[in-house]
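Shown next: coords-v7.pdb, containing PDB, C-alpha atoms.
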ATOM      1  CA  LEU A   1     154.561-242.521 317.753
ATOM      2  CA  ASN A   2     151.004-241.390 317.020
ATOM      3  CA  ARG A   3     151.942-238.419 314.876
ATOM      4  CA  THR A   4     150.683-237.376 311.471
ATOM      5  CA  VAL A   5     153.299-237.878 308.742
ATOM      6  CA  ALA A   6     153.555-237.528 304.972
ATOM      7  CA  VAL A   7     154.488-240.630 302.990
ATOM      8  CA  LYS A   8     156.049-240.333 299.551
ATOM      9  CA  VAL A   9     155.751-243.528 297.491
ATOM     10  CA  LEU A  10     157.745-244.282 294.363
ATOM     11  CA  PRO A  11     155.289-245.334 291.600
ATOM     12  CA  LYS A  12     155.460-249.076 290.845
ATOM     13  CA  ARG A  13     156.450-248.437 287.195
ATOM     14  CA  LEU A  14     159.518-246.453 288.354
ATOM     15  CA  SER A  15     160.490-249.130 290.846
ATOM     16  CA  LYS A  16     161.763-251.204 287.912
ATOM     17  CA  ASN A  17     164.292-248.457 287.100
ATOM     18  CA  ALA A  18     167.388-248.893 289.281
ATOM     19  CA  GLU A  19     168.409-245.241 288.797
ATOM     20  CA  PHE A  20     165.060-243.966 290.122
ATOM     21  CA  VAL A  21     165.196-246.307 293.117
ATOM     22  CA  GLN A  22     168.774-245.270 293.867
ATOM     23  CA  ARG A  23     167.852-241.572 293.653
ATOM     24  CA  PHE A  24     164.820-242.140 295.898
ATOM     25  CA  TYR A  25     166.951-243.693 298.643
ATOM     26  CA  ARG A  26     169.623-241.053 298.172
ATOM     27  CA  GLU A  27     166.953-238.398 298.812
ATOM     28  CA  GLY A  28     165.903-240.167 302.015
ATOM     29  CA  ARG A  29     169.471-240.557 303.254
ATOM     30  CA  ALA A  30     170.338-236.943 302.437
ATOM     31  CA  ALA A  31     167.245-235.617 304.217
ATOM     32  CA  ALA A  32     167.936-237.857 307.225
ATOM     33  CA  GLN A  33     171.316-236.190 307.763
ATOM     34  CA  LEU A  34     169.727-232.747 307.990
ATOM     35  CA  ASN A  35     167.905-231.606 311.107
ATOM     36  CA  HIS A  36     166.766-227.991 310.958
ATOM     37  CA  PRO A  37     163.465-226.165 311.640
ATOM     38  CA  ASN A  38     163.478-224.822 308.048
ATOM     39  CA  ILE A  39     163.945-228.234 306.403
ATOM     40  CA  VAL A  40     161.199-230.874 306.077
ATOM     41  CA  GLN A  41     162.266-233.565 308.544
ATOM     42  CA  ALA A  42     162.859-237.119 307.293
ATOM     43  CA  PHE A  43     161.780-240.039 309.498
ATOM     44  CA  ASP A  44     162.167-243.268 307.555
ATOM     45  CA  VAL A  45     162.842-244.770 304.148
ATOM     46  CA  GLY A  46     162.244-248.368 303.168
ATOM     47  CA  GLU A  47     160.394-250.944 301.077
ATOM     48  CA  ALA A  48     157.200-252.913 301.685
ATOM     49  CA  ASN A  49     155.450-255.311 299.281
ATOM     50  CA  GLY A  50     157.476-253.958 296.365
ATOM     51  CA  PHE A  51     156.720-250.308 297.191
ATOM     52  CA  HIS A  52     159.555-247.955 298.087
ATOM     53  CA  TYR A  53     158.451-245.335 300.595
ATOM     54  CA  PHE A  54     159.844-242.259 302.312
ATOM     55  CA  VAL A  55     158.228-241.010 305.539
ATOM     56  CA  MET A  56     158.601-237.357 306.436
ATOM     57  CA  GLU A  57     157.184-234.524 308.499
ATOM     58  CA  PHE A  58     153.680-233.515 307.487
ATOM     59  CA  VAL A  59     153.599-229.781 306.742
ATOM     60  CA  GLU A  60     150.118-228.297 306.917
ATOM     61  CA  GLY A  61     149.922-225.271 304.654
ATOM     62  CA  CYS A  62     150.930-224.550 301.057
ATOM     63  CA  THR A  63     153.973-223.928 298.887
ATOM     64  CA  VAL A  64     155.331-220.649 297.538
ATOM     65  CA  TYR A  65     154.408-222.055 294.108
ATOM     66  CA  ASP A  66     150.746-222.338 295.129
ATOM     67  CA  GLU A  67     150.765-218.633 295.937
ATOM     68  CA  VAL A  68     152.667-217.351 292.873
ATOM     69  CA  ALA A  69     150.437-219.553 290.680
ATOM     70  CA  GLU A  70     147.523-217.488 292.006
ATOM     71  CA  SER A  71     149.372-214.327 290.849
ATOM     72  CA  LYS A  72     150.510-213.341 294.312
ATOM     73  CA  VAL A  73     153.340-210.799 294.325
ATOM     74  CA  TYR A  74     155.036-210.801 297.727
ATOM     75  CA  SER A  75     155.856-207.630 299.587
ATOM     76  CA  GLU A  76     159.583-207.063 300.034
ATOM     77  CA  ARG A  77     159.281-207.665 303.793
ATOM     78  CA  GLU A  78     157.473-211.010 303.396
ATOM     79  CA  ALA A  79     159.760-212.227 300.603
ATOM     80  CA  VAL A  80     162.895-211.324 302.569
ATOM     81  CA  ASP A  81     161.513-213.184 305.598
ATOM     82  CA  ILE A  82     160.845-216.383 303.606
ATOM     83  CA  VAL A  83     164.123-216.200 301.671
ATOM     84  CA  THR A  84     166.063-215.639 304.929
ATOM     85  CA  GLN A  85     164.522-218.790 306.413
ATOM     86  CA  ILE A  86     165.472-220.817 303.316
ATOM     87  CA  THR A  87     168.981-219.333 303.437
ATOM     88  CA  ARG A  88     169.310-220.749 306.964
ATOM     89  CA  ALA A  89     168.154-224.138 305.664
ATOM     90  CA  LEU A  90     170.700-224.027 302.840
ATOM     91  CA  LEU A  91     173.480-222.976 305.200
ATOM     92  CA  HIS A  92     172.703-226.023 307.360
ATOM     93  CA  ALA A  93     172.773-228.312 304.289
ATOM     94  CA  HIS A  94     175.930-226.736 302.842
ATOM     95  CA  GLU A  95     177.792-227.007 306.163
ATOM     96  CA  ARG A  96     176.993-230.731 306.087
ATOM     97  CA  GLY A  97     178.307-231.096 302.555
ATOM     98  CA  PHE A  98     175.028-231.164 300.600
ATOM     99  CA  ILE A  99     173.983-229.028 297.630
ATOM    100  CA  HIS A 100     170.205-229.043 297.071
ATOM    101  CA  ARG A 101     170.340-228.308 293.281
ATOM    102  CA  ASP A 102     166.567-227.756 292.955
ATOM    103  CA  VAL A 103     165.585-224.698 295.012
ATOM    104  CA  LYS A 104     162.314-223.399 293.536
ATOM    105  CA  PRO A 105     158.860-222.203 294.680
ATOM    106  CA  LYS A 106     157.414-225.749 294.590
ATOM    107  CA  ASN A 107     160.073-226.901 297.054
ATOM    108  CA  ILE A 108     159.426-224.180 299.619
ATOM    109  CA  MET A 109     156.580-225.144 301.941
ATOM    110  CA  LEU A 110     154.869-222.608 304.198
ATOM    111  CA  THR A 111     153.101-223.577 307.409
ATOM    112  CA  LYS A 112     150.004-221.731 308.571
ATOM    113  CA  GLU A 113     152.327-219.701 310.846
ATOM    114  CA  ARG A 114     154.411-218.780 307.736
ATOM    115  CA  VAL A 115     157.403-220.885 308.738
ATOM    116  CA  ALA A 116     159.241-221.739 305.506
ATOM    117  CA  LYS A 117     160.542-225.274 305.034
ATOM    118  CA  LEU A 118     162.812-226.497 302.260
ATOM    119  CA  ALA A 119     161.578-229.775 300.776
ATOM    120  CA  ASP A 120     162.601-232.414 298.224
ATOM    121  CA  MET A 121     166.204-233.549 298.415
ATOM    122  CA  GLY A 122     165.703-235.617 295.243
ATOM    123  CA  LEU A 123     168.537-233.887 293.367
ATOM    124  CA  ALA A 124     170.737-233.218 296.395
ATOM    125  CA  ARG A 125     174.353-234.223 295.994
ATOM    126  CA  GLU A 126     177.199-234.475 298.447
ATOM    127  CA  THR A 127     180.038-232.144 297.525
ATOM    128  CA  THR A 128     182.502-234.984 298.174
ATOM    129  CA  ASP A 129     180.678-237.478 295.904
ATOM    130  CA  HIS A 130     183.034-237.199 292.924
ATOM    131  CA  GLN A 131     181.743-240.460 291.438
ATOM    132  CA  ALA A 132     178.196-239.062 291.148
ATOM    133  CA  ALA A 133     179.560-235.764 289.831
ATOM    134  CA  LEU A 134     181.476-237.525 287.045
ATOM    135  CA  ALA A 135     178.494-239.784 286.230
ATOM    136  CA  GLU A 136     176.278-236.699 285.796
ATOM    137  CA  ALA A 137     178.829-234.605 283.885
ATOM    138  CA  GLY A 138     177.422-232.873 280.808
ATOM    139  CA  ARG A 139     173.789-233.307 281.876
ATOM    140  CA  ALA A 140     171.582-230.489 283.185
ATOM    141  CA  TYR A 141     169.935-231.388 286.496
ATOM    142  CA  GLY A 142     167.453-228.876 287.880
ATOM    143  CA  THR A 143     164.316-226.954 286.917
ATOM    144  CA  PRO A 144     164.710-224.723 283.803
ATOM    145  CA  TYR A 145     163.166-221.540 285.271
ATOM    146  CA  TYR A 146     165.444-221.600 288.334
ATOM    147  CA  ILE A 147     168.580-223.489 287.261
ATOM    148  CA  ALA A 148     172.093-222.047 287.626
ATOM    149  CA  PRO A 149     174.216-221.627 284.466
ATOM    150  CA  GLU A 150     176.873-224.050 285.719
ATOM    151  CA  GLN A 151     174.183-226.728 286.219
ATOM    152  CA  ILE A 152     172.947-226.116 282.658
ATOM    153  CA  ARG A 153     176.481-226.712 281.368
ATOM    154  CA  GLY A 154     176.639-229.961 283.371
ATOM    155  CA  GLU A 155     179.809-228.886 285.148
ATOM    156  CA  VAL A 156     181.346-231.402 287.534
ATOM    157  CA  ASP A 157     182.377-228.822 290.128
ATOM    158  CA  ILE A 158     178.973-227.612 291.397
ATOM    159  CA  ASP A 159     179.147-225.761 294.718
ATOM    160  CA  PRO A 160     176.732-223.952 297.096
ATOM    161  CA  ARG A 161     176.624-220.897 294.819
ATOM    162  CA  ALA A 162     174.400-222.916 292.437
ATOM    163  CA  ASP A 163     171.768-222.998 295.200
ATOM    164  CA  LEU A 164     172.172-219.241 295.696
ATOM    165  CA  TYR A 165     171.358-218.668 292.008
ATOM    166  CA  SER A 166     168.198-220.802 292.263
ATOM    167  CA  LEU A 167     167.228-218.996 295.464
ATOM    168  CA  GLY A 168     167.736-215.686 293.624
ATOM    169  CA  ALA A 169     165.505-216.854 290.754
ATOM    170  CA  THR A 170     162.837-217.866 293.294
ATOM    171  CA  PHE A 171     163.205-214.517 295.113
ATOM    172  CA  TYR A 172     162.834-212.708 291.746
ATOM    173  CA  HIS A 173     159.625-214.623 290.967
ATOM    174  CA  MET A 174     158.195-213.864 294.403
ATOM    175  CA  VAL A 175     158.640-210.073 294.195
ATOM    176  CA  THR A 176     157.960-209.516 290.482
ATOM    177  CA  GLY A 177     155.336-212.175 289.721
ATOM    178  CA  ARG A 178     157.548-213.339 286.831
ATOM    179  CA  VAL A 179     160.343-215.848 286.411
ATOM    180  CA  PRO A 180     163.709-214.276 285.480
ATOM    181  CA  PHE A 181     163.632-215.723 281.942
ATOM    182  CA  GLU A 182     160.800-217.082 279.821
ATOM    183  CA  GLY A 183     160.902-219.082 276.602
ATOM    184  CA  ALA A 184     158.827-221.368 274.389
ATOM    185  CA  THR A 185     160.822-224.458 275.404
ATOM    186  CA  PRO A 186     162.951-225.525 278.395
ATOM    187  CA  SER A 187     166.094-225.260 276.232
ATOM    188  CA  ALA A 188     165.158-221.688 275.211
ATOM    189  CA  VAL A 189     164.736-220.737 278.870
ATOM    190  CA  MET A 190     168.083-222.319 279.792
ATOM    191  CA  HIS A 191     169.821-220.537 276.897
ATOM    192  CA  LYS A 192     168.605-217.218 278.355
ATOM    193  CA  HIS A 193     170.015-218.120 281.785
ATOM    194  CA  LEU A 194     173.360-218.523 280.025
ATOM    195  CA  LYS A 195     173.276-215.508 277.696
ATOM    196  CA  ALA A 196     170.377-213.056 278.149
ATOM    197  CA  PRO A 197     170.651-209.935 280.313
ATOM    198  CA  LEU A 198     168.366-209.875 283.348
ATOM    199  CA  THR A 199     165.619-207.259 283.613
ATOM    200  CA  PRO A 200     166.319-205.714 287.050
ATOM    201  CA  PRO A 201     163.575-206.755 289.486
ATOM    202  CA  ASP A 202     163.041-203.177 290.700
ATOM    203  CA  HIS A 203     162.187-202.189 287.116
ATOM    204  CA  LEU A 204     159.246-204.610 287.260
ATOM    205  CA  ASN A 205     158.261-203.857 290.862
ATOM    206  CA  THR A 206     159.069-200.209 291.554
ATOM    207  CA  SER A 207     158.141-200.564 295.226
ATOM    208  CA  LEU A 208     161.269-202.693 295.809
ATOM    209  CA  SER A 209     164.146-200.981 297.569
ATOM    210  CA  SER A 210     167.273-200.589 295.446
ATOM    211  CA  GLY A 211     169.160-202.692 298.010
ATOM    212  CA  CYS A 212     166.781-205.613 297.556
ATOM    213  CA  GLY A 213     167.035-205.295 293.767
ATOM    214  CA  VAL A 214     170.834-205.314 293.882
ATOM    215  CA  MET A 215     170.812-208.341 296.197
ATOM    216  CA  ILE A 216     168.638-210.343 293.778
ATOM    217  CA  GLU A 217     170.798-209.318 290.805
ATOM    218  CA  MET A 218     173.920-210.430 292.680
ATOM    219  CA  LEU A 219     172.338-213.806 293.456
ATOM    220  CA  LEU A 220     171.493-214.128 289.741
ATOM    221  CA  ALA A 221     174.978-213.304 288.445
ATOM    222  CA  LYS A 222     175.769-215.649 285.535
ATOM    223  CA  ASP A 223     179.362-216.088 286.748
ATOM    224  CA  ARG A 224     179.287-217.655 290.197
ATOM    225  CA  GLU A 225     182.389-215.659 291.154
ATOM    226  CA  ASP A 226     180.151-212.569 291.049
ATOM    227  CA  ARG A 227     177.592-214.067 293.470
ATOM    228  CA  TYR A 228     177.801-214.097 297.247
ATOM    229  CA  PRO A 229     180.520-216.517 298.369
TER     230      PRO A 229
END
Rendering of file as structure tokens:
Amino acid sequence: LNRTVAVKVLPKRLSKNAEFVQRFYREGRAAAQLNHPNIVQAFDVGEANGFHYFVMEFVEGCTVYDEVAESKVYSEREAVDIVTQITRALLHAHERGFIHRDVKPKNIMLTKERVAKLADMGLARETTDHQAALAEAGRAYGTPYYIAPEQIRGEVDIDPRADLYSLGATFYHMVTGRVPFEGATPSAVMHKHLKAPLTPPDHLNTSLSSGCGVMIEMLLAKDREDRYP
């Protein structure tokens, strides 16, 4: 169709691992069921000459991670705008029965016009896929700096509020320049998500409105019952 696309290719060494191949196709199928301006669009998934490939929309720009890695601290207005766009993307996914499970700065792409697009459905799971939930029970899937406590515990019953926690952790990083919890090892970071009190974001960035600070703290509640429904 004469359009520029991005092609993700599974490395040959991983192609021998059935679990990796299965997850790769699951990502493609999950992305293909979602059609939203704030989600990177999937076009095709397949195999050629032993290579598994996934064709998707090419997003010209950068990621939120690229900007925070350069020590950018977002203004409240800009952060709220980006987070609102990703909330719309998550709402679309959740209404179609998918939980992303890996919302983080690296998975939020920004076009040159500052349109935010949620990427990487590699850990996405259908809420109705009880077989996958049971197979993954007791294992922590996600990224340590942004993972929800219930994902750390490997709970079977993961729901959209896990994505809200990860979005809150991303929001926190954007407006404070720091992740919510730091540690020497991934397990130390995850232990803090479970047990350590959160330093309020407006204590680190005093220009934040109290309303924004409260919103981020609510997203980062350790008990999902205390988060937004």
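Of the residues listed (A:Val103, A:Met121, A:Ile108, A:Ile216), A:Val103 shows the shortest atom-to-atom separation from Ser166 of chain A; distances use all atoms listed in the file.
Between atom CA of Arg101 of chain A and atom CA of Asp120 of chain A there is a distance of 10.1 Å.
Distance annotation: of A:Val64, A:Phe51, A:Ile152, A:Asp157, the residue with the minimal separation from His191 of chain A is A:Ile152; atom set is all atoms listed in the file.
Straight-line separation from atom CA of His203 of chain A to atom CA of Pro144 of chain A: 22.9 Å.
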Which residues, protein or nucleic acid, reach to within 12 Å of (163.0, -243.4, 303.7) in the file's coordinates when using all atoms listed in the file, and can you give that as a PyMOL selection string? chain A and resi 6-10+21-33+41-48+51-57+121-122
Under the PyMOL selection byres ((chain A and resi 225) around 12), which residues of this model are included? Write them out as a count of residues only. 18
Could you list the residues chosen by the PyMOL selection byres ((chain A and resi 85-95) around 7) in this structure as an MDAnalysis selection string? chainID A and resid 34 36 38:39 81:84 96:99 116:118 160
Using C-alpha atoms, can you export the residues from the last selection as a short mmCIF file (atom, residue, chain, number, x, y, z; two decimals), in the coordinates of the input?
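And here's again-v5.cif as it stands now:
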data_model
loop_
_atom_site.label_atom_id
_atom_site.label_comp_id
_atom_site.auth_asym_id
_atom_site.auth_seq_id
_atom_site.Cartn_x
_atom_site.Cartn_y
_atom_site.Cartn_z
CA LEU A 34 169.73 -232.75 307.99
CA HIS A 36 166.77 -227.99 310.96
CA ASN A 38 163.48 -224.82 308.05
CA ILE A 39 163.94 -228.23 306.40
CA ASP A 81 161.51 -213.18 305.60
CA ILE A 82 160.84 -216.38 303.61
CA VAL A 83 164.12 -216.20 301.67
CA THR A 84 166.06 -215.64 304.93
CA ARG A 96 176.99 -230.73 306.09
CA GLY A 97 178.31 -231.10 302.56
CA PHE A 98 175.03 -231.16 300.60
CA ILE A 99 173.98 -229.03 297.63
CA ALA A 116 159.24 -221.74 305.51
CA LYS A 117 160.54 -225.27 305.03
CA LEU A 118 162.81 -226.50 302.26
CA PRO A 160 176.73 -223.95 297.10
#
Applying the PyMOL selection byres ((chain A and resi 66) around 12) to the file I just gave you, which residues come out? Please list them as a PyMOL selection string. chain A and resi 61-65+67-73+104-110+174
Would you write out those residues with C-alpha atoms, as a PDB file, keeping the file's coordinate frame?
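Result went into result.pdb, see below:
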ATOM      1  CA  GLY A  61     149.922-225.271 304.654  1.00  0.00           C
ATOM      2  CA  CYS A  62     150.930-224.550 301.057  1.00  0.00           C
ATOM      3  CA  THR A  63     153.973-223.928 298.887  1.00  0.00           C
ATOM      4  CA  VAL A  64     155.331-220.649 297.538  1.00  0.00           C
ATOM      5  CA  TYR A  65     154.408-222.055 294.108  1.00  0.00           C
ATOM      6  CA  GLU A  67     150.765-218.633 295.937  1.00  0.00           C
ATOM      7  CA  VAL A  68     152.667-217.351 292.873  1.00  0.00           C
ATOM      8  CA  ALA A  69     150.437-219.553 290.680  1.00  0.00           C
ATOM      9  CA  GLU A  70     147.523-217.488 292.006  1.00  0.00           C
ATOM     10  CA  SER A  71     149.372-214.327 290.849  1.00  0.00           C
ATOM     11  CA  LYS A  72     150.510-213.341 294.312  1.00  0.00           C
ATOM     12  CA  VAL A  73     153.340-210.799 294.325  1.00  0.00           C
ATOM     13  CA  LYS A 104     162.314-223.399 293.536  1.00  0.00           C
ATOM     14  CA  PRO A 105     158.860-222.203 294.680  1.00  0.00           C
ATOM     15  CA  LYS A 106     157.414-225.749 294.590  1.00  0.00           C
ATOM     16  CA  ASN A 107     160.073-226.901 297.054  1.00  0.00           C
ATOM     17  CA  ILE A 108     159.426-224.180 299.619  1.00  0.00           C
ATOM     18  CA  MET A 109     156.580-225.144 301.941  1.00  0.00           C
ATOM     19  CA  LEU A 110     154.869-222.608 304.198  1.00  0.00           C
ATOM     20  CA  MET A 174     158.195-213.864 294.403  1.00  0.00           C
TER      21      MET A 174
END
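The two atoms in question, atom CA of Ile158 of chain A and atom CA of Val115 of chain A, are spaced 28.5 Å apart.
Restricting the calculation to only C-alpha atoms, the smallest distance between Met215 of chain A and any of A:Val179, A:Ala119, A:Ile147, A:Ala169 is found for A:Ala169.
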How would you write as a PyMOL selection string the residues that get within 10 Å of (166.6, -219.5, 278.9) in the file's frame, counting all atoms listed in the file? chain A and resi 144-147+149+152+180-196
Could you add whatever atoms are missing so that segment 24-35 of chain A carries all heavy atoms, then write the result as a PDB file, keeping the file's coordinate frame?
ATOM      1  N   PHE A  24     165.841-242.221 294.847  1.00  0.00           N
ATOM      2  CA  PHE A  24     164.820-242.140 295.898  1.00  0.00           C
ATOM      3  C   PHE A  24     165.453-242.380 297.267  1.00  0.00           C
ATOM      4  O   PHE A  24     165.206-241.630 298.219  1.00  0.00           O
ATOM      5  CB  PHE A  24     163.738-243.187 295.605  1.00  0.00           C
ATOM      6  CG  PHE A  24     162.501-243.061 296.445  1.00  0.00           C
ATOM      7  CD1 PHE A  24     161.576-242.059 296.210  1.00  0.00           C
ATOM      8  CD2 PHE A  24     162.246-243.974 297.470  1.00  0.00           C
ATOM      9  CE1 PHE A  24     160.420-241.958 296.975  1.00  0.00           C
ATOM     10  CE2 PHE A  24     161.095-243.875 298.238  1.00  0.00           C
ATOM     11  CZ  PHE A  24     160.178-242.867 297.989  1.00  0.00           C
ATOM     12  N   TYR A  25     166.292-243.398 297.368  1.00  0.00           N
ATOM     13  CA  TYR A  25     166.951-243.693 298.643  1.00  0.00           C
ATOM     14  C   TYR A  25     167.997-242.641 298.984  1.00  0.00           C
ATOM     15  O   TYR A  25     168.213-242.319 300.154  1.00  0.00           O
ATOM     16  CB  TYR A  25     167.564-245.100 298.623  1.00  0.00           C
ATOM     17  CG  TYR A  25     166.524-246.158 298.894  1.00  0.00           C
ATOM     18  CD1 TYR A  25     165.784-246.721 297.858  1.00  0.00           C
ATOM     19  CD2 TYR A  25     166.235-246.561 300.199  1.00  0.00           C
ATOM     20  CE1 TYR A  25     164.797-247.665 298.109  1.00  0.00           C
ATOM     21  CE2 TYR A  25     165.250-247.509 300.459  1.00  0.00           C
ATOM     22  CZ  TYR A  25     164.535-248.050 299.410  1.00  0.00           C
ATOM     23  OH  TYR A  25     163.552-248.978 299.667  1.00  0.00           O
ATOM     24  N   ARG A  26     168.626-242.104 297.944  1.00  0.00           N
ATOM     25  CA  ARG A  26     169.623-241.053 298.172  1.00  0.00           C
ATOM     26  C   ARG A  26     168.942-239.821 298.773  1.00  0.00           C
ATOM     27  O   ARG A  26     169.479-239.173 299.657  1.00  0.00           O
ATOM     28  CB  ARG A  26     170.330-240.701 296.846  1.00  0.00           C
ATOM     29  CG  ARG A  26     171.616-239.895 297.051  1.00  0.00           C
ATOM     30  CD  ARG A  26     172.474-239.901 295.814  1.00  0.00           C
ATOM     31  NE  ARG A  26     171.752-239.429 294.639  1.00  0.00           N
ATOM     32  CZ  ARG A  26     172.127-239.632 293.389  1.00  0.00           C
ATOM     33  NH1 ARG A  26     173.212-240.329 293.134  1.00  0.00           N
ATOM     34  NH2 ARG A  26     171.435-239.171 292.374  1.00  0.00           N
ATOM     35  N   GLU A  27     167.722-239.529 298.268  1.00  0.00           N
ATOM     36  CA  GLU A  27     166.953-238.398 298.812  1.00  0.00           C
ATOM     37  C   GLU A  27     166.667-238.632 300.293  1.00  0.00           C
ATOM     38  O   GLU A  27     166.848-237.736 301.126  1.00  0.00           O
ATOM     39  CB  GLU A  27     165.632-238.221 298.058  1.00  0.00           C
ATOM     40  CG  GLU A  27     164.743-237.143 298.676  1.00  0.00           C
ATOM     41  CD  GLU A  27     163.361-237.043 298.032  1.00  0.00           C
ATOM     42  OE1 GLU A  27     163.066-237.795 297.083  1.00  0.00           O
ATOM     43  OE2 GLU A  27     162.590-236.196 298.489  1.00  0.00           O
ATOM     44  N   GLY A  28     166.215-239.837 300.626  1.00  0.00           N
ATOM     45  CA  GLY A  28     165.903-240.167 302.015  1.00  0.00           C
ATOM     46  C   GLY A  28     167.112-240.064 302.913  1.00  0.00           C
ATOM     47  O   GLY A  28     167.056-239.477 304.001  1.00  0.00           O
ATOM     48  N   ARG A  29     168.249-240.596 302.439  1.00  0.00           N
ATOM     49  CA  ARG A  29     169.471-240.557 303.254  1.00  0.00           C
ATOM     50  C   ARG A  29     169.985-239.137 303.424  1.00  0.00           C
ATOM     51  O   ARG A  29     170.465-238.760 304.498  1.00  0.00           O
ATOM     52  CB  ARG A  29     170.542-241.453 302.630  1.00  0.00           C
ATOM     53  CG  ARG A  29     170.295-242.946 302.877  1.00  0.00           C
ATOM     54  CD  ARG A  29     171.521-243.779 302.543  1.00  0.00           C
ATOM     55  NE  ARG A  29     171.820-243.733 301.112  1.00  0.00           N
ATOM     56  CZ  ARG A  29     171.331-244.595 300.225  1.00  0.00           C
ATOM     57  NH1 ARG A  29     170.525-245.565 300.619  1.00  0.00           N
ATOM     58  NH2 ARG A  29     171.650-244.501 298.947  1.00  0.00           N
ATOM     59  N   ALA A  30     169.890-238.334 302.356  1.00  0.00           N
ATOM     60  CA  ALA A  30     170.338-236.943 302.437  1.00  0.00           C
ATOM     61  C   ALA A  30     169.480-236.181 303.442  1.00  0.00           C
ATOM     62  O   ALA A  30     169.992-235.481 304.318  1.00  0.00           O
ATOM     63  CB  ALA A  30     170.259-236.277 301.062  1.00  0.00           C
ATOM     64  N   ALA A  31     168.162-236.326 303.316  1.00  0.00           N
ATOM     65  CA  ALA A  31     167.245-235.617 304.217  1.00  0.00           C
ATOM     66  C   ALA A  31     167.450-236.048 305.666  1.00  0.00           C
ATOM     67  O   ALA A  31     167.340-235.240 306.592  1.00  0.00           O
ATOM     68  CB  ALA A  31     165.802-235.860 303.782  1.00  0.00           C
ATOM     69  N   ALA A  32     167.768-237.333 305.867  1.00  0.00           N
ATOM     70  CA  ALA A  32     167.936-237.857 307.225  1.00  0.00           C
ATOM     71  C   ALA A  32     169.144-237.254 307.934  1.00  0.00           C
ATOM     72  O   ALA A  32     169.193-237.217 309.166  1.00  0.00           O
ATOM     73  CB  ALA A  32     168.069-239.375 307.182  1.00  0.00           C
ATOM     74  N   GLN A  33     170.115-236.776 307.163  1.00  0.00           N
ATOM     75  CA  GLN A  33     171.316-236.190 307.763  1.00  0.00           C
ATOM     76  C   GLN A  33     171.138-234.722 308.106  1.00  0.00           C
ATOM     77  O   GLN A  33     172.037-234.094 308.664  1.00  0.00           O
ATOM     78  CB  GLN A  33     172.503-236.370 306.814  1.00  0.00           C
ATOM     79  CG  GLN A  33     172.941-237.817 306.697  1.00  0.00           C
ATOM     80  CD  GLN A  33     174.176-237.972 305.837  1.00  0.00           C
ATOM     81  OE1 GLN A  33     175.193-237.325 306.064  1.00  0.00           O
ATOM     82  NE2 GLN A  33     174.090-238.819 304.830  1.00  0.00           N
ATOM     83  N   LEU A  34     169.977-234.163 307.736  1.00  0.00           N
ATOM     84  CA  LEU A  34     169.727-232.747 307.990  1.00  0.00           C
ATOM     85  C   LEU A  34     168.632-232.613 309.035  1.00  0.00           C
ATOM     86  O   LEU A  34     167.580-233.227 308.927  1.00  0.00           O
ATOM     87  CB  LEU A  34     169.314-232.053 306.691  1.00  0.00           C
ATOM     88  CG  LEU A  34     170.308-232.204 305.523  1.00  0.00           C
ATOM     89  CD1 LEU A  34     169.735-231.563 304.270  1.00  0.00           C
ATOM     90  CD2 LEU A  34     171.663-231.603 305.858  1.00  0.00           C
ATOM     91  N   ASN A  35     168.891-231.822 310.050  1.00  0.00           N
ATOM     92  CA  ASN A  35     167.905-231.606 311.107  1.00  0.00           C
ATOM     93  C   ASN A  35     167.855-230.118 311.407  1.00  0.00           C
ATOM     94  O   ASN A  35     168.729-229.573 312.079  1.00  0.00           O
ATOM     95  CB  ASN A  35     168.292-232.413 312.346  1.00  0.00           C
ATOM     96  CG  ASN A  35     167.225-232.336 313.420  1.00  0.00           C
ATOM     97  OD1 ASN A  35     166.184-231.713 313.227  1.00  0.00           O
ATOM     98  ND2 ASN A  35     167.487-232.952 314.559  1.00  0.00           N
TER      99      ASN A  35
END
